[in-house]
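See below for the structure under consideration.
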Protein chains: 2
Amino acid sequence: MKILLCVILVVILPAIRRVPYEVSAQQGKVRDYRIANEHRILEEFVTLLSIPNVASDQVNIRKNAALIIEMMHRRGLEPRLLEGGKPNVPPAVYGEWKVPRATRTIILYAHYDGQPTDPKQWADTLPWQPTLRSAAIEATGTILGMPKPGAKIDPEWRLYARSASDDKAGVMAILIAVDALKAQGIAPTSNIKFFFEGEEEAGSSHLGEILGGHRKLLEADAWLICDGPVHQLGLKQVVFGVRGDTNVDLTVYGARRPLHSGHYGNWSPNPGLILAKLLSSMKDEAGRVTIAGWYDDVAPLGERERRAIEEAPQYDNVLKTQLGLALTENAGKSLLELINEPSLNINGMSSGDVGALARNVIPTTASAVLDLRLVKGNDYQRQVERLSAHIRKQGFHVIDHDPTDQERLTKPLIAKVVHRDGGYNAERTRMDLPVALSVIAAVQGTSTKPIVKLPTSGGSLPLSIITNNLRTVTLTVPIANYDNNQHAENENIRLQNLWDGIETMAALMTMPSSAK
Amino acid sequence: MKILLCVILVVILPAIRRVPYEVSAQQGKVRDYRIANEHRILEEFVTLLSIPNVASDQVNIRKNAALIIEMMHRRGLEPRLLEGGKPNVPPAVYGEWKVPRATRTIILYAHYDGQPTDPKQWADTLPWQPTLRSAAIEATGTILGMPKPGAKIDPEWRLYARSASDDKAGVMAILIAVDALKAQGIAPTSNIKFFFEGEEEAGSSHLGEILGGHRKLLEADAWLICDGPVHQLGLKQVVFGVRGDTNVDLTVYGARRPLHSGHYGNWSPNPGLILAKLLSSMKDEAGRVTIAGWYDDVAPLGERERRAIEEAPQYDNVLKTQLGLALTENAGKSLLELINEPSLNINGMSSGDVGALARNVIPTTASAVLDLRLVKGNDYQRQVERLSAHIRKQGFHVIDHDPTDQERLTKPLIAKVVHRDGGYNAERTRMDLPVALSVIAAVQGTSTKPIVKLPTSGGSLPLSIITNNLRTVTLTVPIANYDNNQHAENENIRLQNLWDGIETMAALMTMPSSAK
């Protein structure tokens, strides 16, 4: 921690402080409103976070939607559900705030569903039991009760719950920004529409169908996406693109029944070893993907994008210290560069048992779940085909079902490759569009530090589904702390990030029509 | 199944039938006793199988020992517990049947503990809820109630329970053989001692200490081990050796906390990939272990041993058909040959989650449990050292604890290698010793088919602990069906194997003093 602190104090902060930025008077009013209402905001947020929100949980996902409808009703935002074509599709929640004489329309997007999670892996609390801590668990934060009325709320406290950051924080920041503007009598400069998705973490399988069914209603000049983390150094960000994403389930096979590893070991093939060799073949020692064609389609970055990456603060070494890493994959390239390349990640793998349940057996199968991230130029179907072709090239008979007796007896190596539902491509918006310049100016106006402009975020959002279905562009303005454990156990938000996010969202609603 | 049947009918059975063997009159009497007592035997066996018997389950393991003491008291075998030096060591159960004027002493060994198991993985029944089925589950056997008094008992029925084969079947066969001999007035030809171990499946960690504490009591010319399966073709076996065995837990590391695979994928190292590459490096494509020195110490087989392997029926193709295997590891060598080589098996591996709980994360660790089998000449400590040296050679910093912050920040690759308690070496008894010839003659005398003589069994037993602590030799005479699912879920015994086993054990107790 000492090294980390030194790097921040000696190298980075002075560099940042040399450039002064000013904050608007209007932002001060939004801040005043928040300061006077922190207890109420927290209470409303905890209520929203208490409802389980995995997209496949039909009953609870609709409870979330119903609560958000109610929250928007209270604010006069004319909410309604936008349903998919089939039953049991998590609905989107839509609303609007019409502004007389506004010539521009923006849609503010967030999603209210969250990643699945195993409650057993959470420390002391449960995913849908929102809990305040005095600091991050990693910094030995202790559990606090909810603050009594009038008690001071420390902005370094963390609120722990599934979706505290990803992405109910987005829903809250947007709705509280509406409260602040209305209470302070500040009018938006655009017509504002709201779109809260209910199955982003399940791959947005029905988003296209919901958008396609409401093209007129959803007309807008730009979608502003409130999702993801701010920069690792705490700087605000505007992100012009996202990676695409898709998942593949992979299973390989040994004998039809589990076998005693003494009587049959080193004669009957071990599926764990087969999987290990197959996964090993997909990346070289440096972490570069070795699948043929993997990097072929990548659309090169433009001059403005390359400059933005160069201007962004270097923090790889800070991160390595924090995460306990002596070496990173693809060493020589920075994280920001690598985010502009397609990736391949092993989300999980399993064969037999480890730990106390381990037995001296040869298991019957070994499985892995792969996460493929795509950048501009990649197509997610084509990338999965390349993966399948690579598996074939390693000698595997590739199937999409459990092997038949005939297949087992004739094919020495069998891989079941199942492309999960819900992939989508990357998206990137040009950094020199007028609306892009307006967004940059608005976000910069809320911060005394230089904001970071990123051509592409590492994470994925279904933005290509939006631009494929509607004539518009997307820009992402994240608010969460980068160490929020999103997608993992112990997800949390740092309160100051929520407070800052409210000001950012208010600034977007009131951004000037065209940037200087 | 048709192919399998053809192979058996056309190729193997006629070859076997050409050699006629005769069965003794005495064996007929033992069989008569069993036929008249099948219901009672089954009832006593079910009572024994109903007590959970994982060695670490202190309470239940002693309930098993207490029941066996009671069963031996009923038979006049003067039972007592042999305790280890520390408390909480599963005791061995000892007994004896002294024979006036016998000049030879044999000890009959079996173990009453079983492998750990996950009840959820069992089909329809529970591990310690013994259940009869009309046939094997794989042959769609249906669940039967216990037979009513007087009802016929089909010898093809299977009794499902943990340790039904491995190795409470051994305890039962030995004790019922005593009943049969006593009931029919047949005297043993040796002094007979009984030794039932209580932690064989946990690696016999305290066996040496129990033996060492009772050297005088346990004096014997030979230990006859009743454990393991008969030949895959149903032929009885005498096995002159066993492989040694030891287990290693292996863990490799990524970042200190789970990371979003989009924001950090292909920058932060993935422990699943690291483990896959490490495991892949341990064996070549053909399945040969590539760890330096792995095969160096192997003591070559003698002429008699090589001939025994050649004479044993070839059944690899039958097995491959049954198991659904198009190709085996180390193809070109038969299973019987490979059993005489040291092995390396991945019992299990795990990183993150697969299936419904899989998330788009980079997990923090990946783990595997390895099973190392040893043959005569290998030393289990030395073999683990070779494994560690190999891991170091792949660039890993090898430790026996979770990595410190300092280690994480300075070592790009870290592997925690933990050698589990309870390894032991292989053991092999010369096939031309007088007692070996007596045992061969006795077992052959119970079968009309030629028995199989194996220099080494694929499975492991702590026989080297016995020969290291006591001046004696060991021979193994297994009785279970080969497809008994030992160590896995749905363990079972085919009743005919138990019936045959009783006759085999009775024959050992009455074998002639020296073979012709």
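By convention here, the chains of the structure tokens are called A, B, ... in the order presented, each chain's residues are numbered starting at 1, and ligands are numbered starting at 1 in the order presented.
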
Could you find all residues in range 198-395 of chain B that DSSP calls strand (DSSP E) from the backbone, and write them as a PyMOL selection string?
chain B and resi 222-225+237-239+241-253+259-260+343-352+361-362+365-374

Write a file of the selected residues as a compact mmCIF listing (two decimals), in the first residue's frame, keeping C-alpha atoms.
```txt
# COMPACT_ATOMS: atom_id res chain seq x y z
CA ALA B 222 1.55 -63.97 5.07
CA TRP B 223 -1.11 -61.28 4.95
CA LEU B 224 -3.89 -62.18 2.53
CA ILE B 225 -5.63 -59.02 1.41
CA GLN B 237 -7.49 -63.33 -9.49
CA VAL B 238 -4.48 -63.57 -7.27
CA VAL B 239 -2.53 -60.34 -7.23
CA GLY B 241 1.54 -56.53 -5.82
CA VAL B 242 -0.18 -53.20 -5.59
CA ARG B 243 0.75 -49.75 -6.76
CA GLY B 244 1.75 -47.16 -4.21
CA ASP B 245 -0.29 -43.99 -4.03
CA THR B 246 -0.11 -40.39 -2.92
CA ASN B 247 -2.07 -37.19 -3.55
CA VAL B 248 -1.02 -33.62 -4.19
CA ASP B 249 -3.14 -30.43 -4.02
CA LEU B 250 -2.13 -27.79 -6.52
CA THR B 251 -3.28 -24.14 -6.57
CA VAL B 252 -2.24 -21.29 -8.88
CA TYR B 253 -3.10 -17.62 -8.58
CA LEU B 259 -12.10 -9.08 -11.72
CA HIS B 260 -14.60 -8.16 -14.43
CA SER B 343 0.83 -42.83 -13.29
CA LEU B 344 -0.36 -39.27 -12.89
CA ASN B 345 -4.10 -38.58 -12.82
CA ILE B 346 -6.11 -35.34 -12.47
CA ASN B 347 -8.74 -36.31 -9.89
CA GLY B 348 -10.39 -32.93 -10.15
CA MET B 349 -9.83 -29.35 -11.18
CA SER B 350 -11.74 -26.15 -10.53
CA SER B 351 -11.64 -22.42 -11.19
CA GLY B 352 -14.58 -20.04 -10.89
CA VAL B 361 -15.07 -12.81 -14.20
CA ILE B 362 -11.41 -13.65 -13.93
CA THR B 365 -7.36 -19.07 -8.13
CA ALA B 366 -7.46 -22.40 -9.95
CA SER B 367 -6.94 -25.74 -8.20
CA ALA B 368 -6.35 -29.35 -9.05
CA VAL B 369 -5.96 -32.55 -7.07
CA LEU B 370 -3.46 -35.00 -8.51
CA ASP B 371 -3.26 -38.73 -7.87
CA LEU B 372 0.20 -40.30 -8.24
CA ARG B 373 0.40 -44.09 -8.47
CA LEU B 374 3.75 -45.73 -7.87
```

Which of range 111-237 of chain A DSSP labels alpha helix (DSSP H), written as a short mmCIF file (atom, residue, chain, number, x, y, z; two decimals) with N, CA and C atoms, in the first residue's frame:
```
data_model
loop_
_atom_site.label_atom_id
_atom_site.label_comp_id
_atom_site.auth_asym_id
_atom_site.auth_seq_id
_atom_site.Cartn_x
_atom_site.Cartn_y
_atom_site.Cartn_z
N LYS A 168 -27.98 -0.56 -10.70
CA LYS A 168 -29.04 0.23 -10.08
C LYS A 168 -28.53 1.61 -9.65
N ALA A 169 -27.19 1.73 -9.48
CA ALA A 169 -26.62 3.05 -9.21
C ALA A 169 -26.96 4.01 -10.36
N GLY A 170 -26.97 3.48 -11.58
CA GLY A 170 -27.32 4.30 -12.74
C GLY A 170 -28.76 4.79 -12.66
N VAL A 171 -29.67 3.87 -12.34
CA VAL A 171 -31.08 4.23 -12.21
C VAL A 171 -31.25 5.32 -11.15
N MET A 172 -30.59 5.13 -10.00
CA MET A 172 -30.74 6.09 -8.89
C MET A 172 -30.15 7.46 -9.25
N ALA A 173 -28.94 7.48 -9.80
CA ALA A 173 -28.28 8.76 -10.10
C ALA A 173 -29.15 9.57 -11.06
N ILE A 174 -29.72 8.90 -12.05
CA ILE A 174 -30.56 9.59 -13.03
C ILE A 174 -31.82 10.16 -12.36
N LEU A 175 -32.48 9.33 -11.54
CA LEU A 175 -33.74 9.79 -10.93
C LEU A 175 -33.50 10.87 -9.88
N ILE A 176 -32.40 10.80 -9.14
CA ILE A 176 -32.12 11.83 -8.15
C ILE A 176 -31.70 13.14 -8.85
N ALA A 177 -31.02 13.02 -10.00
CA ALA A 177 -30.69 14.23 -10.76
C ALA A 177 -31.97 14.95 -11.20
N VAL A 178 -33.00 14.17 -11.58
CA VAL A 178 -34.30 14.77 -11.91
C VAL A 178 -34.85 15.53 -10.71
N ASP A 179 -34.81 14.85 -9.53
CA ASP A 179 -35.28 15.51 -8.29
C ASP A 179 -34.58 16.84 -8.08
N ALA A 180 -33.24 16.81 -8.21
CA ALA A 180 -32.45 18.00 -7.91
C ALA A 180 -32.80 19.14 -8.86
N LEU A 181 -32.87 18.85 -10.16
CA LEU A 181 -33.19 19.89 -11.14
C LEU A 181 -34.59 20.46 -10.88
N LYS A 182 -35.55 19.57 -10.64
CA LYS A 182 -36.91 20.04 -10.40
C LYS A 182 -36.98 20.88 -9.12
N ALA A 183 -36.33 20.41 -8.07
CA ALA A 183 -36.38 21.14 -6.80
C ALA A 183 -35.72 22.51 -6.91
N GLN A 184 -34.66 22.60 -7.71
CA GLN A 184 -33.93 23.86 -7.84
C GLN A 184 -34.43 24.71 -9.01
N LEU A 207 -33.59 -7.32 -26.29
CA LEU A 207 -33.54 -5.86 -26.40
C LEU A 207 -33.91 -5.42 -27.82
N GLY A 208 -33.36 -6.13 -28.81
CA GLY A 208 -33.63 -5.76 -30.20
C GLY A 208 -35.12 -5.76 -30.47
N GLU A 209 -35.79 -6.78 -29.95
CA GLU A 209 -37.23 -6.93 -30.18
C GLU A 209 -38.01 -5.82 -29.45
N ILE A 210 -37.57 -5.43 -28.28
CA ILE A 210 -38.24 -4.33 -27.57
C ILE A 210 -38.02 -3.00 -28.31
N LEU A 211 -36.78 -2.75 -28.75
CA LEU A 211 -36.50 -1.51 -29.48
C LEU A 211 -37.27 -1.47 -30.79
N GLY A 212 -37.21 -2.60 -31.51
CA GLY A 212 -37.88 -2.67 -32.82
C GLY A 212 -39.38 -2.42 -32.71
#
```

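Across the model, the gap from CA of Phe194 in chain A to CA of Met511 in chain A is 16.4 Å.
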
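We find CA of Ala426 in chain B and CA of Tyr380 in chain B to be spaced 8.7 Å apart.
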
List the spatial neighbours of range 45-52 of chain B as a PyMOL selection string - criterion: any atom at most 9 Å away, only C-alpha atoms, same-chain residues fewer than 4 positions off excluded.
chain B and resi 40-41+57+60-61+63-64+67-68+113-114+127-131+159+161-164+168-169+172

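For the set A:Leu319, A:Ala292, A:Ala151, A:Ile465, the residue with the smallest atom-to-atom gap to chain B is A:Leu319, counting only C-alpha atoms.
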
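CA of Gly203 in chain B lies 21.7 Å from CA of Trp294 in chain B.
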
May I have the residues within 10 Å of range 134-143 of chain B as a PDB file with N, CA and C atoms, in the first residue's frame, using only C-alpha atoms and disregarding those fewer than 3 positions away in the same chain?
```
ATOM      1  N   ARG A 256     -17.462 -43.353 -20.214  1.00  0.00           N
ATOM      2  CA  ARG A 256     -18.887 -43.142 -19.966  1.00  0.00           C
ATOM      3  C   ARG A 256     -19.200 -43.119 -18.467  1.00  0.00           C
ATOM      4  N   ARG A 257     -18.408 -43.837 -17.665  1.00  0.00           N
ATOM      5  CA  ARG A 257     -18.662 -43.805 -16.220  1.00  0.00           C
ATOM      6  C   ARG A 257     -17.372 -43.447 -15.473  1.00  0.00           C
TER       7      ARG A 257
ATOM      8  N   MET B   1     -23.633 -52.719 -27.000  1.00  0.00           N
ATOM      9  CA  MET B   1     -23.762 -53.939 -26.179  1.00  0.00           C
ATOM     10  C   MET B   1     -23.701 -55.201 -27.040  1.00  0.00           C
ATOM     11  N   ALA B 123     -27.828 -41.996  -7.729  1.00  0.00           N
ATOM     12  CA  ALA B 123     -29.097 -42.111  -8.453  1.00  0.00           C
ATOM     13  C   ALA B 123     -30.166 -42.683  -7.528  1.00  0.00           C
ATOM     14  N   ASP B 124     -31.137 -41.877  -7.142  1.00  0.00           N
ATOM     15  CA  ASP B 124     -32.352 -42.307  -6.419  1.00  0.00           C
ATOM     16  C   ASP B 124     -32.134 -42.765  -4.976  1.00  0.00           C
ATOM     17  N   THR B 125     -30.987 -43.354  -4.661  1.00  0.00           N
ATOM     18  CA  THR B 125     -30.793 -43.819  -3.294  1.00  0.00           C
ATOM     19  C   THR B 125     -29.620 -43.082  -2.670  1.00  0.00           C
ATOM     20  N   THR B 131     -29.421 -50.684  -0.962  1.00  0.00           N
ATOM     21  CA  THR B 131     -30.594 -50.920  -1.803  1.00  0.00           C
ATOM     22  C   THR B 131     -30.284 -51.985  -2.847  1.00  0.00           C
ATOM     23  N   MET B 146     -36.139 -55.492   0.014  1.00  0.00           N
ATOM     24  CA  MET B 146     -35.375 -56.635   0.516  1.00  0.00           C
ATOM     25  C   MET B 146     -36.246 -57.878   0.356  1.00  0.00           C
ATOM     26  N   ASP B 154     -31.834 -63.706  -6.595  1.00  0.00           N
ATOM     27  CA  ASP B 154     -31.147 -63.827  -7.895  1.00  0.00           C
ATOM     28  C   ASP B 154     -29.690 -63.386  -7.732  1.00  0.00           C
ATOM     29  N   PRO B 155     -28.731 -64.231  -8.095  1.00  0.00           N
ATOM     30  CA  PRO B 155     -27.314 -63.860  -7.898  1.00  0.00           C
ATOM     31  C   PRO B 155     -26.859 -62.703  -8.780  1.00  0.00           C
ATOM     32  N   GLU B 156     -27.669 -62.327  -9.797  1.00  0.00           N
ATOM     33  CA  GLU B 156     -27.307 -61.180 -10.632  1.00  0.00           C
ATOM     34  C   GLU B 156     -27.782 -59.855 -10.025  1.00  0.00           C
ATOM     35  N   TRP B 157     -28.542 -59.918  -8.953  1.00  0.00           N
ATOM     36  CA  TRP B 157     -28.924 -58.676  -8.276  1.00  0.00           C
ATOM     37  C   TRP B 157     -27.672 -57.934  -7.794  1.00  0.00           C
ATOM     38  N   ARG B 158     -27.829 -56.611  -7.685  1.00  0.00           N
ATOM     39  CA  ARG B 158     -26.730 -55.809  -7.162  1.00  0.00           C
ATOM     40  C   ARG B 158     -27.172 -55.146  -5.862  1.00  0.00           C
ATOM     41  N   LEU B 159     -26.298 -55.091  -4.898  1.00  0.00           N
ATOM     42  CA  LEU B 159     -26.557 -54.350  -3.670  1.00  0.00           C
ATOM     43  C   LEU B 159     -25.770 -53.040  -3.747  1.00  0.00           C
ATOM     44  N   TYR B 160     -26.519 -51.896  -3.734  1.00  0.00           N
ATOM     45  CA  TYR B 160     -25.904 -50.574  -3.852  1.00  0.00           C
ATOM     46  C   TYR B 160     -25.689 -49.942  -2.485  1.00  0.00           C
ATOM     47  N   ASP B 483     -17.044 -53.843 -12.279  1.00  0.00           N
ATOM     48  CA  ASP B 483     -17.855 -52.652 -12.572  1.00  0.00           C
ATOM     49  C   ASP B 483     -18.641 -52.230 -11.331  1.00  0.00           C
ATOM     50  N   ASN B 484     -17.945 -52.142 -10.218  1.00  0.00           N
ATOM     51  CA  ASN B 484     -18.643 -51.880  -8.946  1.00  0.00           C
ATOM     52  C   ASN B 484     -18.720 -50.398  -8.599  1.00  0.00           C
ATOM     53  N   ASN B 490     -22.823 -44.472  -6.632  1.00  0.00           N
ATOM     54  CA  ASN B 490     -23.479 -45.705  -7.063  1.00  0.00           C
ATOM     55  C   ASN B 490     -22.581 -46.935  -6.981  1.00  0.00           C
ATOM     56  N   GLU B 491     -21.782 -47.002  -5.926  1.00  0.00           N
ATOM     57  CA  GLU B 491     -20.985 -48.206  -5.672  1.00  0.00           C
ATOM     58  C   GLU B 491     -21.931 -49.376  -5.424  1.00  0.00           C
ATOM     59  N   ASN B 492     -21.529 -50.557  -5.876  1.00  0.00           N
ATOM     60  CA  ASN B 492     -22.408 -51.716  -5.711  1.00  0.00           C
ATOM     61  C   ASN B 492     -21.602 -52.999  -5.726  1.00  0.00           C
ATOM     62  N   ILE B 493     -22.232 -54.110  -5.256  1.00  0.00           N
ATOM     63  CA  ILE B 493     -21.646 -55.437  -5.461  1.00  0.00           C
ATOM     64  C   ILE B 493     -22.691 -56.345  -6.101  1.00  0.00           C
ATOM     65  N   ARG B 494     -22.228 -57.146  -7.047  1.00  0.00           N
ATOM     66  CA  ARG B 494     -23.081 -58.177  -7.651  1.00  0.00           C
ATOM     67  C   ARG B 494     -23.103 -59.340  -6.665  1.00  0.00           C
TER      68      ARG B 494
END
```

Determine, counting only C-alpha atoms, which protein, DNA and RNA residues have an atom within 12 Å of an atom of Pro100 in chain A; residues of the same chain fewer than 5 positions away are not included. Present the result as an mmCIF file with C-alpha atoms, in the first residue's frame.
```
data_model
loop_
_atom_site.group_PDB
_atom_site.id
_atom_site.type_symbol
_atom_site.label_atom_id
_atom_site.label_comp_id
_atom_site.auth_asym_id
_atom_site.auth_seq_id
_atom_site.Cartn_x
_atom_site.Cartn_y
_atom_site.Cartn_z
ATOM 1 C CA THR A 105 -33.733 14.509 -27.587
ATOM 2 C CA ALA A 187 -34.871 23.234 -16.838
ATOM 3 C CA PRO A 188 -33.222 20.584 -19.010
ATOM 4 C CA THR A 189 -31.864 21.665 -22.376
ATOM 5 C CA SER A 190 -33.047 18.537 -24.192
ATOM 6 C CA ASN A 191 -36.164 16.434 -24.269
ATOM 7 C CA ILE A 192 -35.256 13.588 -21.968
#
```

Need the shell around range 452-458 of chain A: protein/DNA/RNA residues with any atom at most 7 Å away, counting only C-alpha atoms. Skip same-chain ones fewer than 2 positions apart. Format as a PyMOL selection string?
(chain A and resi 235-243+305+308-309+312+339-340+428+450+460) or (chain B and resi 262-264)

Go ahead and dump the residues you just picked, C-alpha atoms, as a JSON list (two decimals), in the first residue's frame.
```json
[["chain", "number", "residue", "atom", "x", "y", "z"],
["A", 235, "LEU", "CA", -11.32, 10.59, -12.71],
["A", 236, "LYS", "CA", -14.66, 10.93, -14.49],
["A", 237, "GLN", "CA", -14.86, 9.36, -17.94],
["A", 238, "VAL", "CA", -16.70, 9.60, -21.21],
["A", 239, "VAL", "CA", -16.50, 6.37, -23.14],
["A", 240, "PHE", "CA", -17.20, 6.29, -26.86],
["A", 241, "GLY", "CA", -17.45, 2.58, -27.36],
["A", 242, "VAL", "CA", -17.91, -0.76, -25.70],
["A", 243, "ARG", "CA", -16.65, -4.20, -26.49],
["A", 305, "GLU", "CA", -8.78, 7.81, -30.47],
["A", 308, "ALA", "CA", -7.12, 10.03, -26.19],
["A", 309, "ILE", "CA", -5.44, 6.80, -25.08],
["A", 312, "ALA", "CA", -5.21, 9.09, -20.37],
["A", 339, "ILE", "CA", -9.06, -3.15, -24.29],
["A", 340, "ASN", "CA", -9.08, -2.28, -27.99],
["A", 428, "ARG", "CA", -17.84, 2.88, -31.19],
["A", 450, "PRO", "CA", -9.34, 16.54, -16.34],
["A", 460, "SER", "CA", -19.69, -4.70, -22.76],
["B", 262, "GLY", "CA", -14.30, -7.22, -19.81],
["B", 263, "HIS", "CA", -12.42, -4.52, -17.98],
["B", 264, "TYR", "CA", -9.38, -6.68, -17.19]]
```

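In terms of minimum interatomic distance to Gly84 in chain B, B:His214 ranks closest within B:His39, B:His214, B:Asp296, B:Ala66, counting only C-alpha atoms.
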
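Distances to chain A were evaluated for B:Lys29, B:Arg288, B:His419, B:His390 using only C-alpha atoms, and the minimum falls at B:Arg288.
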
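By only C-alpha atoms, and with residues fewer than 6 positions from Asp500 in chain B along its chain excluded, the set lying at most 10 Å from it is Arg31, Arg34, Ala173, Lys236, Thr446, Ser447, Ile479 and Ala480 of chain B.
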
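Distances from B:Leu387, B:Ala488, B:Ile399, B:Met505 to chain A were compared using only C-alpha atoms, and the smallest one belongs to B:Ala488.
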
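Between chain B and the candidates A:Pro434, A:Gly228, A:Pro512, A:Gly445, the tightest atom-to-atom separation, counting only C-alpha atoms, involves A:Gly228.
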
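Shortest atom-to-atom contact with Gly395 in chain A among B:Glu285, B:Glu22, B:Glu38, B:Asp167: B:Glu285, counting only C-alpha atoms.
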